[in-house]
file query_38.pdb (PDB, C-alpha atoms, pLDDT in the B column)
ATOM      1  CA  MET A 180       0.000   0.000   0.000  1.00 98.00           C
ATOM      2  CA  VAL A 181       1.272   3.457  -0.925  1.00 98.00           C
ATOM      3  CA  SER A 182      -0.244   6.925  -1.028  1.00 98.00           C
ATOM      4  CA  ASP A 183       0.943  10.443  -1.801  1.00 97.00           C
ATOM      5  CA  VAL A 184       3.718   9.337  -4.124  1.00 97.00           C
ATOM      6  CA  HIS A 185       4.260  12.907  -5.397  1.00 96.00           C
ATOM      7  CA  GLY A 186       6.920  12.151  -7.978  1.00 94.00           C
ATOM      8  CA  ASN A 187       8.898   9.473  -6.105  1.00 95.00           C
ATOM      9  CA  ALA A 188       9.200   7.101  -9.063  1.00 95.00           C
ATOM     10  CA  LYS A 189      12.489   5.615  -7.891  1.00 95.00           C
ATOM     11  CA  ASP A 190      11.062   4.108  -4.697  1.00 97.00           C
ATOM     12  CA  LEU A 191       7.720   3.365  -6.356  1.00 97.00           C
ATOM     13  CA  ALA A 192       9.473   0.968  -8.734  1.00 96.00           C
ATOM     14  CA  MET A 193      10.481  -1.172  -5.723  1.00 97.00           C
ATOM     15  CA  ALA A 194       7.358  -0.706  -3.574  1.00 97.00           C
ATOM     16  CA  GLY A 195       5.751  -3.949  -4.716  1.00 96.00           C
ATOM     17  CA  ASP A 196       8.804  -6.136  -4.233  1.00 96.00           C
ATOM     18  CA  GLY A 197       7.820  -9.339  -2.422  1.00 96.00           C
ATOM     19  CA  ALA A 198       4.102  -8.538  -2.490  1.00 97.00           C
ATOM     20  CA  ASP A 199       1.255 -10.203  -4.390  1.00 97.00           C
ATOM     21  CA  ALA A 200      -0.143  -6.801  -5.396  1.00 98.00           C
ATOM     22  CA  LEU A 201       0.455  -3.080  -5.009  1.00 98.00           C
ATOM     23  CA  ILE A 202      -2.332  -0.696  -4.052  1.00 98.00           C
ATOM     24  CA  CYS A 203      -1.866   3.032  -4.654  1.00 98.00           C
ATOM     25  CA  LEU A 204      -4.209   5.568  -3.059  1.00 98.00           C
ATOM     26  CA  GLY A 205      -3.336   8.483  -5.286  1.00 97.00           C
ATOM     27  CA  ASP A 206      -1.512  11.787  -5.531  1.00 97.00           C
ATOM     28  CA  LEU A 207       1.084  10.792  -8.089  1.00 97.00           C
ATOM     29  CA  VAL A 208       1.660  14.384  -9.213  1.00 95.00           C
ATOM     30  CA  LEU A 209       4.217  16.670  -7.583  1.00 95.00           C
ATOM     31  CA  PHE A 210       3.176  20.289  -8.072  1.00 91.00           C
ATOM     32  CA  LEU A 211       5.100  21.686  -5.108  1.00 87.00           C
ATOM     33  CA  ASP A 212       7.082  19.902  -2.387  1.00 85.00           C
ATOM     34  CA  TYR A 213       6.400  21.642   0.927  1.00 82.00           C
ATOM     35  CA  ALA A 214       9.536  20.103   2.436  1.00 82.00           C
ATOM     36  CA  ASP A 215      11.855  20.841  -0.489  1.00 87.00           C
ATOM     37  CA  HIS A 216      10.701  23.930  -2.357  1.00 91.00           C
ATOM     38  CA  SER A 217      13.042  23.218  -5.272  1.00 91.00           C
ATOM     39  CA  ARG A 218      11.023  20.177  -6.388  1.00 89.00           C
ATOM     40  CA  GLY A 219       7.873  20.145  -8.472  1.00 91.00           C
ATOM     41  CA  ILE A 220       6.096  21.820 -11.361  1.00 92.00           C
ATOM     42  CA  PHE A 221       5.752  25.194  -9.610  1.00 91.00           C
ATOM     43  CA  PRO A 222       9.461  25.859  -8.877  1.00 93.00           C
ATOM     44  CA  ASP A 223      10.413  24.513 -12.307  1.00 92.00           C
ATOM     45  CA  LEU A 224       8.266  27.256 -13.826  1.00 92.00           C
ATOM     46  CA  PHE A 225       8.635  30.135 -11.360  1.00 94.00           C
ATOM     47  CA  GLY A 226      11.758  29.514  -9.307  1.00 94.00           C
ATOM     48  CA  VAL A 227      12.487  28.535  -5.734  1.00 94.00           C
ATOM     49  CA  GLU A 228      11.979  32.001  -4.198  1.00 95.00           C
ATOM     50  CA  ASN A 229       8.411  32.170  -5.468  1.00 94.00           C
ATOM     51  CA  ALA A 230       7.897  28.632  -4.202  1.00 93.00           C
ATOM     52  CA  HIS A 231       9.069  29.752  -0.734  1.00 94.00           C
ATOM     53  CA  LEU A 232       6.600  32.640  -0.847  1.00 94.00           C
ATOM     54  CA  ILE A 233       3.555  30.675  -1.939  1.00 91.00           C
ATOM     55  CA  VAL A 234       4.205  27.983   0.688  1.00 89.00           C
ATOM     56  CA  GLU A 235       4.466  30.699   3.334  1.00 91.00           C
ATOM     57  CA  LEU A 236       1.136  32.218   2.244  1.00 91.00           C
ATOM     58  CA  ARG A 237      -0.676  28.898   2.094  1.00 86.00           C
ATOM     59  CA  THR A 238       0.719  27.749   5.440  1.00 84.00           C
ATOM     60  CA  ALA A 239      -0.578  30.982   6.974  1.00 87.00           C
ATOM     61  CA  ARG A 240      -3.948  30.223   5.287  1.00 84.00           C
ATOM     62  CA  ARG A 241      -3.697  33.447   3.300  1.00 90.00           C
ATOM     63  CA  PHE A 242      -5.251  31.721   0.312  1.00 88.00           C
ATOM     64  CA  ASP A 243      -6.493  34.850  -1.469  1.00 90.00           C
ATOM     65  CA  GLU A 244      -2.968  36.305  -1.453  1.00 93.00           C
ATOM     66  CA  ALA A 245      -1.547  32.984  -2.653  1.00 91.00           C
ATOM     67  CA  ARG A 246      -4.015  32.902  -5.557  1.00 90.00           C
ATOM     68  CA  GLU A 247      -3.194  36.516  -6.461  1.00 93.00           C
ATOM     69  CA  LEU A 248       0.521  35.666  -6.500  1.00 93.00           C
ATOM     70  CA  GLY A 249      -0.232  32.726  -8.747  1.00 89.00           C
ATOM     71  CA  ARG A 250      -2.225  34.899 -11.144  1.00 89.00           C
ATOM     72  CA  ARG A 251       0.640  37.408 -11.414  1.00 92.00           C
ATOM     73  CA  LEU A 252       3.204  34.687 -12.039  1.00 93.00           C
ATOM     74  CA  TRP A 253       1.132  33.009 -14.731  1.00 88.00           C
ATOM     75  CA  ALA A 254       0.442  36.349 -16.412  1.00 89.00           C
ATOM     76  CA  GLY A 255       4.170  37.025 -16.499  1.00 87.00           C
ATOM     77  CA  LEU A 256       4.881  33.616 -18.003  1.00 83.00           C
ATOM     78  CA  GLY A 257       2.868  34.474 -21.084  1.00 77.00           C
ATOM     79  CA  ALA A 258       1.677  30.911 -21.710  1.00 78.00           C
ATOM     80  CA  ASP A 259      -1.581  29.020 -21.435  1.00 84.00           C
ATOM     81  CA  ARG A 260      -1.760  27.721 -17.881  1.00 83.00           C
ATOM     82  CA  GLU A 261      -3.747  24.561 -18.553  1.00 86.00           C
ATOM     83  CA  SER A 262      -1.571  23.369 -21.432  1.00 91.00           C
ATOM     84  CA  VAL A 263       1.664  24.028 -19.511  1.00 92.00           C
ATOM     85  CA  ILE A 264       0.444  22.134 -16.437  1.00 90.00           C
ATOM     86  CA  GLU A 265      -0.928  19.272 -18.511  1.00 93.00           C
ATOM     87  CA  SER A 266       2.405  18.850 -20.316  1.00 94.00           C
ATOM     88  CA  ALA A 267       4.259  18.736 -17.001  1.00 94.00           C
ATOM     89  CA  VAL A 268       1.756  16.296 -15.488  1.00 96.00           C
ATOM     90  CA  ARG A 269       1.993  14.052 -18.529  1.00 96.00           C
ATOM     91  CA  ARG A 270       5.759  13.791 -18.088  1.00 95.00           C
ATOM     92  CA  GLN A 271       5.288  12.796 -14.453  1.00 96.00           C
ATOM     93  CA  TYR A 272       2.515  10.298 -15.248  1.00 97.00           C
ATOM     94  CA  ALA A 273       4.634   8.582 -17.891  1.00 97.00           C
ATOM     95  CA  GLU A 274       7.306   7.973 -15.256  1.00 96.00           C
ATOM     96  CA  MET A 275       4.921   7.039 -12.420  1.00 97.00           C
ATOM     97  CA  PHE A 276       2.798   4.541 -14.337  1.00 98.00           C
ATOM     98  CA  ALA A 277       5.891   2.905 -15.834  1.00 97.00           C
ATOM     99  CA  ALA A 278       7.037   2.197 -12.259  1.00 97.00           C
ATOM    100  CA  PHE A 279       3.856   0.324 -11.260  1.00 98.00           C
ATOM    101  CA  PRO A 280       4.313  -3.452 -10.954  1.00 96.00           C
ATOM    102  CA  THR A 281       1.748  -6.030 -12.081  1.00 96.00           C
ATOM    103  CA  PRO A 282      -0.794  -6.213 -10.582  1.00 98.00           C
ATOM    104  CA  THR A 283      -1.465  -2.689  -9.298  1.00 98.00           C
ATOM    105  CA  TYR A 284      -4.813  -1.356  -8.093  1.00 98.00           C
ATOM    106  CA  ALA A 285      -4.992   2.430  -7.969  1.00 98.00           C
ATOM    107  CA  THR A 286      -7.343   5.311  -7.286  1.00 98.00           C
ATOM    108  CA  TYR A 287      -6.977   9.069  -7.677  1.00 98.00           C
ATOM    109  CA  GLY A 288      -5.759  11.632  -5.177  1.00 98.00           C
ATOM    110  CA  ASN A 289      -6.960  15.206  -4.974  1.00 97.00           C
ATOM    111  CA  VAL A 290      -4.001  16.542  -6.995  1.00 95.00           C
ATOM    112  CA  ASP A 291      -4.403  13.969  -9.777  1.00 97.00           C
ATOM    113  CA  ILE A 292      -6.075  14.525 -13.155  1.00 96.00           C
ATOM    114  CA  PRO A 293      -8.329  11.479 -13.742  1.00 97.00           C
ATOM    115  CA  ALA A 294      -8.955  12.246 -17.430  1.00 96.00           C
ATOM    116  CA  LEU A 295      -5.295  11.512 -18.215  1.00 97.00           C
ATOM    117  CA  TRP A 296      -5.011   8.174 -16.400  1.00 98.00           C
ATOM    118  CA  PRO A 297      -6.455   5.946 -19.176  1.00 97.00           C
ATOM    119  CA  GLU A 298      -3.618   7.047 -21.456  1.00 96.00           C
ATOM    120  CA  TYR A 299      -0.924   5.849 -19.035  1.00 97.00           C
ATOM    121  CA  ALA A 300      -2.449   2.887 -17.156  1.00 97.00           C
ATOM    122  CA  ARG A 301      -0.848  -0.180 -18.723  1.00 94.00           C
ATOM    123  CA  PRO A 302      -2.204  -3.744 -18.702  1.00 95.00           C
ATOM    124  CA  GLY A 303      -1.834  -4.959 -15.131  1.00 96.00           C
ATOM    125  CA  THR A 304      -2.890  -1.625 -13.598  1.00 98.00           C
ATOM    126  CA  THR A 305      -6.562  -1.445 -12.577  1.00 98.00           C
ATOM    127  CA  VAL A 306      -7.972   2.007 -11.843  1.00 98.00           C
ATOM    128  CA  LEU A 307     -10.999   2.091  -9.512  1.00 98.00           C
ATOM    129  CA  ASP A 308     -13.126   4.946  -8.164  1.00 98.00           C
ATOM    130  CA  GLY A 309     -16.452   4.186  -6.516  1.00 98.00           C
ATOM    131  CA  GLU A 310     -15.811   0.554  -7.436  1.00 98.00           C
ATOM    132  CA  ARG A 311     -14.881  -2.712  -5.740  1.00 98.00           C
ATOM    133  CA  VAL A 312     -12.642  -5.652  -6.555  1.00 98.00           C
ATOM    134  CA  GLU A 313     -11.749  -8.970  -4.918  1.00 98.00           C
ATOM    135  CA  ILE A 314      -8.083  -9.440  -4.039  1.00 97.00           C
ATOM    136  CA  GLY A 315      -6.989 -12.645  -2.357  1.00 96.00           C
ATOM    137  CA  GLY A 316     -10.482 -13.453  -1.132  1.00 97.00           C
ATOM    138  CA  LEU A 317     -11.197 -10.035   0.396  1.00 98.00           C
ATOM    139  CA  VAL A 318     -13.405  -7.352  -1.147  1.00 98.00           C
ATOM    140  CA  PHE A 319     -11.681  -3.980  -1.531  1.00 98.00           C
ATOM    141  CA  GLY A 320     -13.647  -0.794  -2.211  1.00 98.00           C
ATOM    142  CA  PHE A 321     -11.987   2.310  -3.668  1.00 98.00           C
ATOM    143  CA  VAL A 322     -12.988   5.972  -3.384  1.00 98.00           C
ATOM    144  CA  GLY A 323     -10.695   8.485  -5.062  1.00 98.00           C
ATOM    145  CA  GLY A 324     -10.276  12.242  -4.932  1.00 98.00           C
ATOM    146  CA  GLY A 325     -10.767  14.803  -2.206  1.00 98.00           C
ATOM    147  CA  LEU A 326     -13.392  17.223  -0.954  1.00 98.00           C
ATOM    148  CA  ARG A 327     -13.519  20.890  -1.883  1.00 97.00           C
ATOM    149  CA  THR A 328     -11.076  23.217  -0.106  1.00 94.00           C
ATOM    150  CA  PRO A 329      -9.654  26.741  -0.568  1.00 88.00           C
ATOM    151  CA  MET A 330      -6.621  25.066  -2.193  1.00 84.00           C
ATOM    152  CA  ARG A 331      -8.749  24.173  -5.254  1.00 88.00           C
ATOM    153  CA  THR A 332      -6.697  21.156  -6.258  1.00 91.00           C
ATOM    154  CA  PRO A 333      -7.640  19.367  -9.511  1.00 93.00           C
ATOM    155  CA  TYR A 334      -9.777  16.479  -8.255  1.00 97.00           C
ATOM    156  CA  GLU A 335     -11.932  17.953  -5.506  1.00 97.00           C
ATOM    157  CA  ILE A 336     -15.624  17.044  -5.619  1.00 97.00           C
ATOM    158  CA  SER A 337     -18.729  17.866  -3.596  1.00 97.00           C
ATOM    159  CA  ASP A 338     -19.544  16.073  -0.349  1.00 97.00           C
ATOM    160  CA  GLU A 339     -22.654  14.672  -2.042  1.00 98.00           C
ATOM    161  CA  ASP A 340     -20.765  13.173  -4.990  1.00 98.00           C
ATOM    162  CA  PHE A 341     -18.130  11.724  -2.679  1.00 98.00           C
ATOM    163  CA  ALA A 342     -20.821  10.166  -0.474  1.00 98.00           C
ATOM    164  CA  ALA A 343     -22.526   8.657  -3.524  1.00 98.00           C
ATOM    165  CA  LYS A 344     -19.314   6.836  -4.464  1.00 98.00           C
ATOM    166  CA  ILE A 345     -19.051   5.410  -0.957  1.00 98.00           C
ATOM    167  CA  GLU A 346     -22.688   4.311  -1.044  1.00 97.00           C
ATOM    168  CA  ALA A 347     -22.097   2.540  -4.367  1.00 97.00           C
ATOM    169  CA  LEU A 348     -19.489   0.277  -2.741  1.00 97.00           C
ATOM    170  CA  GLY A 349     -21.824  -1.417  -0.285  1.00 96.00           C
ATOM    171  CA  GLU A 350     -20.156  -3.571   2.360  1.00 97.00           C
ATOM    172  CA  VAL A 351     -16.455  -4.291   1.816  1.00 98.00           C
ATOM    173  CA  ASP A 352     -13.682  -5.922   3.817  1.00 98.00           C
ATOM    174  CA  VAL A 353     -11.152  -3.159   3.109  1.00 98.00           C
ATOM    175  CA  LEU A 354     -12.253   0.428   2.450  1.00 98.00           C
ATOM    176  CA  CYS A 355      -9.593   2.319   0.475  1.00 98.00           C
ATOM    177  CA  SER A 356      -9.730   6.085  -0.039  1.00 98.00           C
ATOM    178  CA  HIS A 357      -7.338   8.930  -0.642  1.00 98.00           C
ATOM    179  CA  ILE A 358      -8.646  11.106   2.191  1.00 98.00           C
ATOM    180  CA  PRO A 359      -9.271   9.911   5.754  1.00 98.00           C
ATOM    181  CA  PRO A 360     -12.560   9.669   7.620  1.00 98.00           C
ATOM    182  CA  GLU A 361     -13.491  12.826   9.522  1.00 98.00           C
ATOM    183  CA  VAL A 362     -11.736  12.054  12.815  1.00 98.00           C
ATOM    184  CA  PRO A 363      -9.638  14.892  14.330  1.00 98.00           C
ATOM    185  CA  GLU A 364      -6.670  12.680  15.220  1.00 98.00           C
ATOM    186  CA  LEU A 365      -6.532  11.345  11.646  1.00 98.00           C
ATOM    187  CA  THR A 366      -6.992  14.659   9.818  1.00 98.00           C
ATOM    188  CA  TYR A 367      -4.603  16.916  11.769  1.00 97.00           C
ATOM    189  CA  ASP A 368      -1.195  17.488  10.157  1.00 95.00           C
ATOM    190  CA  THR A 369       1.379  18.140  12.873  1.00 94.00           C
ATOM    191  CA  VAL A 370       3.870  19.892  10.575  1.00 87.00           C
ATOM    192  CA  ALA A 371       1.448  22.011   8.537  1.00 84.00           C
ATOM    193  CA  ARG A 372      -0.382  22.651  11.853  1.00 86.00           C
ATOM    194  CA  ARG A 373      -3.841  22.437  10.341  1.00 89.00           C
ATOM    195  CA  PHE A 374      -6.717  20.036   9.858  1.00 94.00           C
ATOM    196  CA  GLU A 375      -7.045  18.575   6.370  1.00 96.00           C
ATOM    197  CA  ARG A 376     -10.486  17.704   5.074  1.00 97.00           C
ATOM    198  CA  GLY A 377     -11.761  14.279   5.999  1.00 98.00           C
ATOM    199  CA  SER A 378     -15.052  12.703   5.036  1.00 98.00           C
ATOM    200  CA  HIS A 379     -18.086  12.374   7.323  1.00 98.00           C
ATOM    201  CA  ALA A 380     -19.555   9.925   4.794  1.00 98.00           C
ATOM    202  CA  LEU A 381     -16.494   7.699   5.152  1.00 98.00           C
ATOM    203  CA  LEU A 382     -16.804   7.776   8.929  1.00 98.00           C
ATOM    204  CA  ASP A 383     -20.505   6.925   8.725  1.00 98.00           C
ATOM    205  CA  ALA A 384     -19.790   4.011   6.367  1.00 98.00           C
ATOM    206  CA  ILE A 385     -17.083   2.683   8.677  1.00 98.00           C
ATOM    207  CA  ARG A 386     -19.443   2.763  11.658  1.00 98.00           C
ATOM    208  CA  ARG A 387     -22.313   1.253   9.681  1.00 97.00           C
ATOM    209  CA  THR A 388     -20.580  -1.478   7.635  1.00 98.00           C
ATOM    210  CA  ARG A 389     -17.612  -2.259   9.922  1.00 98.00           C
ATOM    211  CA  PRO A 390     -14.898  -3.141   7.363  1.00 98.00           C
ATOM    212  CA  ARG A 391     -11.782  -4.861   8.688  1.00 98.00           C
ATOM    213  CA  TYR A 392      -9.612  -1.952   7.540  1.00 98.00           C
ATOM    214  CA  ALA A 393     -10.041   1.623   6.348  1.00 98.00           C
ATOM    215  CA  LEU A 394      -6.864   2.664   4.513  1.00 98.00           C
ATOM    216  CA  PHE A 395      -6.024   6.161   3.256  1.00 98.00           C
ATOM    217  CA  GLY A 396      -3.316   8.815   2.892  1.00 98.00           C
ATOM    218  CA  HIS A 397      -3.572  12.570   2.163  1.00 97.00           C
ATOM    219  CA  VAL A 398      -2.432  13.799   5.605  1.00 97.00           C
ATOM    220  CA  HIS A 399       1.351  13.761   5.327  1.00 95.00           C
ATOM    221  CA  GLN A 400       2.285  14.001   9.029  1.00 95.00           C
ATOM    222  CA  PRO A 401      -0.833  12.838  10.911  1.00 97.00           C
ATOM    223  CA  PHE A 402      -1.275  13.282  14.646  1.00 98.00           C
ATOM    224  CA  ALA A 403      -2.392   9.637  14.755  1.00 98.00           C
ATOM    225  CA  PRO A 404      -1.252   7.441  11.856  1.00 97.00           C
ATOM    226  CA  ARG A 405      -3.400   4.580  13.113  1.00 97.00           C
ATOM    227  CA  MET A 406      -6.430   4.113  15.361  1.00 98.00           C
ATOM    228  CA  ARG A 407      -9.549   1.991  15.716  1.00 98.00           C
ATOM    229  CA  VAL A 408     -13.054   3.219  14.994  1.00 98.00           C
ATOM    230  CA  GLY A 409     -15.334   0.581  16.418  1.00 96.00           C
ATOM    231  CA  ALA A 410     -14.330  -2.729  14.832  1.00 96.00           C
ATOM    232  CA  THR A 411     -12.317  -1.090  12.044  1.00 98.00           C
ATOM    233  CA  GLU A 412      -8.571  -0.492  12.001  1.00 98.00           C
ATOM    234  CA  CYS A 413      -8.009   2.909  10.363  1.00 98.00           C
ATOM    235  CA  VAL A 414      -4.507   3.326   8.918  1.00 98.00           C
ATOM    236  CA  ASN A 415      -2.754   6.183   7.154  1.00 98.00           C
ATOM    237  CA  VAL A 416      -0.508   4.145   4.846  1.00 98.00           C
ATOM    238  CA  GLY A 417       2.084   6.899   4.765  1.00 90.00           C
ATOM    239  CA  HIS A 418       3.543   9.853   2.914  1.00 94.00           C
ATOM    240  CA  PHE A 419       5.405   7.722   0.379  1.00 97.00           C
ATOM    241  CA  ALA A 420       7.078  10.719  -1.281  1.00 95.00           C
ATOM    242  CA  SER A 421       9.205  11.325   1.813  1.00 93.00           C
ATOM    243  CA  THR A 422       9.539   7.844   3.338  1.00 95.00           C
ATOM    244  CA  GLY A 423       9.837   5.676   0.232  1.00 96.00           C
ATOM    245  CA  ARG A 424       8.384   2.831   2.322  1.00 96.00           C
ATOM    246  CA  PRO A 425       5.138   1.014   1.522  1.00 98.00           C
ATOM    247  CA  TRP A 426       2.767  -0.180   4.239  1.00 98.00           C
ATOM    248  CA  SER A 427       2.063  -3.910   4.146  1.00 97.00           C
ATOM    249  CA  LEU A 428      -1.311  -5.573   4.623  1.00 96.00           C
ATOM    250  CA  GLN A 429      -1.237  -9.302   5.276  1.00 95.00           C
ATOM    251  CA  TRP A 430      -3.982 -11.843   5.840  1.00 93.00           C
TER     252      TRP A 430
END

call {"tool": "encode", "arguments": {"input": "query_38.pdb", "output": "structure tokens"}}
result
Amino acid sequence: MVSDVHGNAKDLAMAGDGADALICLGDLVLFLDYADHSRGIFPDLFGVENAHLIVELRTARRFDEARELGRRLWAGLGADRESVIESAVRRQYAEMFAAFPTPTYATYGNVDIPALWPEYARPGTTVLDGERVEIGGLVFGFVGGGLRTPMRTPYEISDEDFAAKIEALGEVDVLCSHIPPEVPELTYDTVARRFERGSHALLDAIRRTRPRYALFGHVHQPFAPRMRVGATECVNVGHFASTGRPWSLQW
């Protein structure tokens, strides 16, 4: 299990070693590395100093100022924003999907662009969102993307649409999502010093259907990487971009 790969293709290529399957819970794209401001699409286009500044603004939750800075930088670049970003994302996706072993089961993160995935998912990689699959006798359900935030990342959807995908899964043994259930200990990032968005619908489904595991990522430095909610073991499978270590599920 991996999540929040954010450009770490080197370790991703070895993440499935010794396992029967690899499961990826999204966020393959690296737009801006909050730990190393020299990495990602943003500093490649606008330089490290501007990356420092936009991280500072976002960390202080000064989102309007961060968006205004972004508008000025893009205007100065003199290029179509969408086409430039898509070209950069395509380069990253080509590298990330080539690193996936067979079999891989994957869903989208909030910074991913789902429309591009069919072009890069090779035979042996199964993409699921609001869908379920049997792996080794257990039923896994997958819910990709994130909920809407002031960050306005590419794959944020409404609470209602997210809940509908969860409802479509029914009862599963392992509930896999990019974002965590809405539990304070699971959604608080101790380094960013803020709560990320979790899902009430996920929490309700966990309480109602009692899967063995609820697995997710999204929160890079969680206050609690693991805790039980009723009968369900809830696990943040890790910020793979920084650790390079997968989390193993055995049964």

call {"tool": "residues_around", "arguments": {"input": "query_38.pdb", "residues": "Ser182 (chain A)", "least_positions_apart": "2", "cutoff": "6 Å", "atoms": "all atoms listed in the file", "output": "PyMOL selection string"}}
result
chain A and resi 184+203-205+396+419

call {"tool": "axis_aligned_box", "arguments": {"input": "query_38.pdb", "around": "region 411-425 of chain A", "padding_each_side": "5 Å", "output": "AutoDock Vina command-line options"}}
result
--center_x -1.2 --center_y 5.1 --center_z 5.4 --size_x 32.2 --size_y 22.4 --size_z 23.3

call {"tool": "resolve_selection", "arguments": {"input": "query_38.pdb", "expression": "the PyMOL selection byres ((chain A and resi 243-254) around 12)", "output": "number ranges by chain"}}
result
A: 221-222, 224-226, 229-242, 255-261, 263-264, 329-331

call {"tool": "atom_distance", "arguments": {"input": "query_38.pdb", "atom1": "CA of Ala294 (chain A)", "atom2": "CA of Met180 (chain A)"}}
result
23.1 Å

call {"tool": "atom_distance", "arguments": {"input": "query_38.pdb", "atom1": "CA of Glu375 (chain A)", "atom2": "CA of Phe402 (chain A)"}}
result
11.4 Å

call {"tool": "atom_distance", "arguments": {"input": "query_38.pdb", "atom1": "CA of His379 (chain A)", "atom2": "CA of Leu354 (chain A)"}}
result
14.2 Å

call {"tool": "closest_residue", "arguments": {"input": "query_38.pdb", "among": "A:Val362, A:Leu295, A:Cys355, A:Ala420", "to": "Arg391 (chain A)", "atoms": "only C-alpha atoms"}}
result
A:Cys355

call {"tool": "closest_residue", "arguments": {"input": "query_38.pdb", "among": "A:Tyr272, A:Trp426, A:Phe279, A:Phe319", "to": "Tyr299 (chain A)", "atoms": "all atoms listed in the file"}}
result
A:Tyr272

call {"tool": "closest_residue", "arguments": {"input": "query_38.pdb", "among": "A:Val370, A:Val306, A:Val208, A:Val227", "to": "Gly288 (chain A)", "atoms": "only C-alpha atoms"}}
result
A:Val208

call {"tool": "closest_residue", "arguments": {"input": "query_38.pdb", "among": "A:Val398, A:Ala278, A:Ala384, A:Val416", "to": "Asp190 (chain A)", "atoms": "all atoms listed in the file"}}
result
A:Ala278

call {"tool": "resolve_selection", "arguments": {"input": "query_38.pdb", "expression": "the PyMOL selection byres ((chain A and resi 367) around 9)", "output": "number ranges by chain"}}
result
A: 362-366, 368-369, 371-376, 398, 400-403

call {"tool": "closest_residue", "arguments": {"input": "query_38.pdb", "among": "A:Pro360, A:Gly303, A:Gly377, A:Gly309", "to": "Thr328 (chain A)", "atoms": "all atoms listed in the file"}}
result
A:Gly377

call {"tool": "closest_residue", "arguments": {"input": "query_38.pdb", "among": "A:Leu394, A:Val318, A:Ile220, A:Pro333", "to": "Arg270 (chain A)", "atoms": "all atoms listed in the file"}}
result
A:Ile220

call {"tool": "resolve_selection", "arguments": {"input": "query_38.pdb", "expression": "the PyMOL selection byres ((chain A and resi 284) around 8)", "output": "PyMOL selection string"}}
result
chain A and resi 200-203+282-283+285-286+304-307

call {"tool": "residues_near_point", "arguments": {"input": "query_38.pdb", "point": "(-23.5, -0.4, 5.2)", "cutoff": "8 Å", "atoms": "all atoms listed in the file", "output": "list in words"}}
result
Glu346, Gly349, Glu350, Ala384, Ile385, Arg387, Thr388 and Arg389 of chain A

call {"tool": "residues_around", "arguments": {"input": "query_38.pdb", "residues": "Ile345 (chain A)", "least_positions_apart": "6", "cutoff": "9 Å", "atoms": "all atoms listed in the file", "output": "VMD selection string"}}
result
chain A and resid 309 to 310 320 to 322 380 to 381 384
